[in-house]
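A quick write-up on the structure given underneath.
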Amino acid sequence: MTMSTGTEVPVDRRAQTLNLVLATTAFTISFWAWNLIGPLGVRYTADMDLSSTAKSVLVAIPILVGSLGRILTGALTDRLGGRIMFPVLLLASVPFVILVAIGGHFDNYTILVIAGFFLGIAGTSFAVGIPFVNAWYDKSRRGFATGIFGAGMGGTALSAFFTPRFVQWFGYVTTHVIIAVALVVVAAVCWMLMRDSPRWSANHDAVVPKLIGAAKLPITWQMGFLYAAAFGGFVAFSTYLPTYLNDVYGFDLEAAGTRTAGFAIAAVVARPLGGILSDRFGARLITVISCAGASVLAIWMITKPPLEIPAGLDFVLMALCMGLGSGSVFSWVAKEAPQERVGSVTGIVGAAGGLGGFFPPLLMGATYNAEDHSYTVGLTLLVIVSALAAVYTAFGIRHRKSENATV
């Protein structure tokens with residue numbers, strides 16, 4: 001997505017580090033805002049007597065805009081740069097955080113759904129950070145830089161852990177005001193201190209032809225499917241897991257949030273590891289291991305492993321698999337996509353990953369067996385999709401001549 005004037009332009013190391021920290025911080029708080037509804041899904045269900053389907057729609061709706069919006073956000077970042085786009089996205093998310101507070105306070109489901117839809121704006125920050133960070137670092141260190149930045153998806157873990165506690169400590173409306181203020185503060189800091197890399201230059205090429213060209217590449221849809229399975233699975237679990245743990249194991253809001261935070265942290269740690277292992281052993285192998293592992297672990301999940309260690313181990317290993325897969329797929333994209341189209345391919349693949357997290361909560365809600373407290377149908381679908389992804393990775397994607405050396 002980023003246009004570079006060449007790696008020969010000198011970059012100040014302190015500025016490099018500062019901008020990486022700022023981008024990661026902005027990504028983290030935006031992902032916290034993006035995931036504000038999921039950790040409180042149990043509360044909304046109780047207060048508004050929601051059906052499982054209505055509950056799953058509410059939890060999943062922010063993912064929709066956060067996914068599709070990445071394509072447009074990435075294109076705008078090409079033109080305007082991260083220094084402008086990060087503050088704009090952070091500030092644009094503030095009104096909808098407040099609207100979520102209003103909808104929840106008055107138990108108005110319609111307002112909550114509308115607010116949640118537009119809250120997805122916060123989830124598009126991923127498409128700003130990747131090109132912004134890439135421009136600051138040489139190719140030899142971009143894996144490290146994007147890995148550090150990618151850890152900002154831990155904002156979902158912070159939200160899962162702290163949002164229910166903030167509600168308990170400070171009150172429901174005050175909690176959302178705190179997040180809104182945090183968004184404004186980080187936006188102000190980014191505006192004052194963040195700078196685009198001297199290697200970056202604005203790209204004013206027409207957006208549509210670039211996207212059409214990327215869409216014609218087989219690698220785009222191959223990686224899109226795999227990223228939907230890996231990162232989409234992470235997004236789906238991190239948003240719906242509080243509801244799942246309440247329905248299946250009877251955890252209250254705070255206990256479910258704590259365990260969801262642990263799930264998200266495990267995936268966050270595994271993501272850069274997936275990229276590192278892909279450099280050493282090949283993205284294909286790591287992706288196969290990730291998808292196959294997720295399929296096996298979903299089978300174990302269907303059996304409702306008992307608390308605390310067996311069930312906890314199952315979920316943590318699932319998070320590790322999804323984190324590894326998220327890292328390996330984007331390592332694959334970086335190596336296999338044509339250099340002049342990496343940005344466009346990344347935008348489409350990133351959107352596919354987010355959409356992969358939109359549909360599972362809807363399916364889980366629609367297929368939930370309240371009598372048996374069971375999600376067997378939804379988890380069976382996860383088993384099938386993950387297994388198909390593993391087989392397709394191993395045998396369906398053509399081996400390229402350069403792959404043995406680079407992927």
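Please note that chains go A, B, ... in the order of the structure tokens, that every chain numbers its residues from 1, and that ligands are numbered from 1 in the order shown.
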**Prompt:** Do you know which residues are at most 9 Å from stretch 104-109 of chain A counting only C-alpha atoms, after dropping those on the same chain fewer than 4 positions away, and could you put them as a list in words?
**Reply:**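 Contacts, with the query itself left out: Tyr44, Asp47, Met48, Leu50, Ala54, Leu58, Leu99, Val100, Val113, Ile114, Tyr172 and Val173 of chain A.
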Based on the selection just made, write all heavy atoms of those residues as a tab-separated table (two decimals), in the first residue's frame.
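Result went into result_13.tsv, see below:
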chain	number	residue	atom	x	y	z
A	44	TYR	N	-26.05	-7.23	27.72
A	44	TYR	CA	-27.11	-6.79	26.81
A	44	TYR	C	-28.19	-7.85	26.66
A	44	TYR	O	-29.37	-7.55	26.58
A	44	TYR	CB	-26.51	-6.46	25.44
A	44	TYR	CG	-25.53	-5.30	25.46
A	44	TYR	CD1	-24.32	-5.38	24.78
A	44	TYR	CD2	-25.83	-4.12	26.14
A	44	TYR	CE1	-23.43	-4.32	24.79
A	44	TYR	CE2	-24.93	-3.06	26.15
A	44	TYR	CZ	-23.73	-3.17	25.48
A	44	TYR	OH	-22.85	-2.12	25.49
A	47	ASP	N	-30.31	-7.72	29.88
A	47	ASP	CA	-31.07	-6.48	30.05
A	47	ASP	C	-32.19	-6.34	29.02
A	47	ASP	O	-33.25	-5.77	29.30
A	47	ASP	CB	-30.14	-5.26	29.94
A	47	ASP	CG	-29.21	-5.14	31.13
A	47	ASP	OD1	-29.42	-5.87	32.12
A	47	ASP	OD2	-28.28	-4.31	31.07
A	48	MET	N	-31.96	-6.86	27.81
A	48	MET	CA	-32.95	-6.68	26.73
A	48	MET	C	-33.62	-7.98	26.32
A	48	MET	O	-34.37	-8.02	25.35
A	48	MET	CB	-32.26	-6.03	25.52
A	48	MET	CG	-31.87	-4.59	25.76
A	48	MET	SD	-31.06	-3.80	24.32
A	48	MET	CE	-29.37	-4.31	24.60
A	50	LEU	N	-32.53	-10.73	24.83
A	50	LEU	CA	-32.24	-11.00	23.43
A	50	LEU	C	-32.23	-12.49	23.14
A	50	LEU	O	-31.82	-13.29	23.98
A	50	LEU	CB	-30.88	-10.40	23.05
A	50	LEU	CG	-30.69	-8.89	23.23
A	50	LEU	CD1	-29.29	-8.49	22.82
A	50	LEU	CD2	-31.73	-8.12	22.44
A	54	ALA	N	-30.28	-12.56	17.87
A	54	ALA	CA	-30.16	-11.12	18.06
A	54	ALA	C	-28.85	-10.78	18.77
A	54	ALA	O	-28.19	-9.78	18.44
A	54	ALA	CB	-31.36	-10.59	18.85
A	58	LEU	N	-25.66	-8.51	17.20
A	58	LEU	CA	-25.13	-7.36	17.93
A	58	LEU	C	-23.62	-7.46	18.11
A	58	LEU	O	-22.88	-6.48	17.93
A	58	LEU	CB	-25.81	-7.25	19.29
A	58	LEU	CG	-25.39	-6.08	20.18
A	58	LEU	CD1	-25.68	-4.76	19.51
A	58	LEU	CD2	-26.09	-6.17	21.54
A	99	LEU	N	-22.48	6.67	21.24
A	99	LEU	CA	-23.79	6.17	20.83
A	99	LEU	C	-24.04	4.76	21.39
A	99	LEU	O	-25.18	4.42	21.74
A	99	LEU	CB	-23.91	6.16	19.31
A	99	LEU	CG	-25.31	5.99	18.72
A	99	LEU	CD1	-26.24	7.09	19.22
A	99	LEU	CD2	-25.26	5.98	17.20
A	100	VAL	N	-22.99	3.95	21.47
A	100	VAL	CA	-23.12	2.64	22.12
A	100	VAL	C	-23.54	2.81	23.57
A	100	VAL	O	-24.40	2.09	24.08
A	100	VAL	CB	-21.80	1.85	22.03
A	100	VAL	CG1	-21.84	0.61	22.93
A	100	VAL	CG2	-21.52	1.42	20.60
A	113	VAL	N	-27.26	-1.57	17.53
A	113	VAL	CA	-26.86	-2.18	16.26
A	113	VAL	C	-26.31	-1.12	15.30
A	113	VAL	O	-25.27	-1.32	14.66
A	113	VAL	CB	-28.05	-2.92	15.61
A	113	VAL	CG1	-27.71	-3.34	14.18
A	113	VAL	CG2	-28.40	-4.16	16.43
A	114	ILE	N	-27.00	0.02	15.22
A	114	ILE	CA	-26.53	1.10	14.34
A	114	ILE	C	-25.16	1.62	14.80
A	114	ILE	O	-24.24	1.79	13.99
A	114	ILE	CB	-27.55	2.25	14.31
A	114	ILE	CG1	-28.84	1.79	13.63
A	114	ILE	CG2	-26.97	3.47	13.57
A	114	ILE	CD1	-29.98	2.79	13.71
A	172	TYR	N	-21.57	2.02	33.67
A	172	TYR	CA	-21.64	1.69	32.24
A	172	TYR	C	-21.32	2.89	31.35
A	172	TYR	O	-20.45	2.82	30.48
A	172	TYR	CB	-23.04	1.14	31.92
A	172	TYR	CG	-23.25	0.87	30.45
A	172	TYR	CD1	-22.78	-0.30	29.87
A	172	TYR	CD2	-23.89	1.80	29.63
A	172	TYR	CE1	-22.96	-0.54	28.51
A	172	TYR	CE2	-24.07	1.57	28.29
A	172	TYR	CZ	-23.60	0.40	27.73
A	172	TYR	OH	-23.76	0.17	26.39
A	173	VAL	N	-22.02	3.98	31.54
A	173	VAL	CA	-21.82	5.14	30.68
A	173	VAL	C	-20.43	5.72	30.85
A	173	VAL	O	-19.75	6.06	29.87
A	173	VAL	CB	-22.89	6.22	30.97
A	173	VAL	CG1	-22.58	7.50	30.21
A	173	VAL	CG2	-24.28	5.72	30.60
**Request:** Extract, using only C-alpha atoms, all DNA, RNA and protein residues at most 12 Å from A:Leu158, discarding same-chain residues fewer than 4 positions from it, and format them as a ChimeraX atom specification.
**Result:** /A:28-36,39,151-154,162-166,179,238,257-265,268
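Across A:Met322, A:Val235, A:Leu379, A:Ala394, the tightest approach to A:Met301 is made by A:Leu379 when counting only C-alpha atoms.
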**Among the residues A:Ala160, A:Val377, A:Ala228, A:Ala366, the one that comes closest to A:Ala256 [using only C-alpha atoms]** = A:Ala160
Residues of stretch 196-278 of chain A that have any atom at most 10 Å from an atom of stretch 282-290 of chain A: could you tabulate them with the shortest-distance atom pair and the distance in Å to one decimal, using only C-alpha atoms, ordered by chain and increasing number, as CSV?
residue,atom,partner,partner_atom,distance
A:Leu226,CA,A:Thr287,CA,8.1
A:Tyr227,CA,A:Thr287,CA,9.7
A:Ala229,CA,A:Ser290,CA,9.8
A:Ala230,CA,A:Ser290,CA,7.8
A:Gly274,CA,A:Ile286,CA,7.0
A:Gly275,CA,A:Ala283,CA,7.7
A:Ile276,CA,A:Ala283,CA,9.4
A:Leu277,CA,A:Ile286,CA,7.1
A:Ser278,CA,A:Ala283,CA,4.3
**Surrounding residues of A:Val383 excluding itself and chain neighbours under 4 positions, 8 Å, only C-alpha atoms, as a ChimeraX atom specification** = /A:294-296,298-299,379,387
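Nearest to A:Ile397 of all the residues A:Leu193, A:Ile219, A:Ala351, A:Leu68 is A:Ile219, based on only C-alpha atoms.
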**Asked** For A:Arg398, which of A:Pro218, A:Pro360, A:Pro198, A:Gly232 is the closest residue, counting only C-alpha atoms?
**Response**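 Smallest separation from A:Arg398 among the options: A:Pro218.
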**Asked** With only C-alpha atoms as the basis for distance, which of A:Leu307, A:Ala92, A:Leu382, A:Ala157 is at the shortest distance from A:Tyr249?
**Response**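 Counting only C-alpha atoms, the residue closest to A:Tyr249 is A:Leu307.
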**Request:** Output as a PyMOL selection string all residues of stretch 15-231 of chain A that backbone DSSP marks as alpha helix (DSSP H).
**Result:** chain A and resi 15-34+41-48+52-80+82-105+109-119+126-136+139-150+155-170+172-193+207-215+218-231
**Prompt:** So how many Å separate atom CA of A:Leu381 and atom CA of A:Thr303, to one decimal?
**Reply:**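 Here the two named atoms are 14.6 Å from each other.
Closest approach to A:Ala46 among A:Gln222, A:Asn246, A:Thr77, A:Thr156 is made by A:Asn246 (distances from only C-alpha atoms).
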**Message:** If we count only C-alpha atoms and set the cut-off at 12 Å, which residues sit around A:Asp247, ignoring sequence neighbours fewer than 6 positions away in its own chain? Please answer as an MDAnalysis selection string.
**Reply:** chainID A and resid 41:42 45 52 55 240:241 253 256 304 364:365 368:375
**Request:** Determine, counting only C-alpha atoms, which protein, DNA and RNA residues have an atom within 8 Å of an atom of A:Thr146; residues of the same chain fewer than 4 positions away are not included. Present the result as a list in words.
**Result:** Ile130, Val133, Asn134, Arg142 and Gly150 of chain A
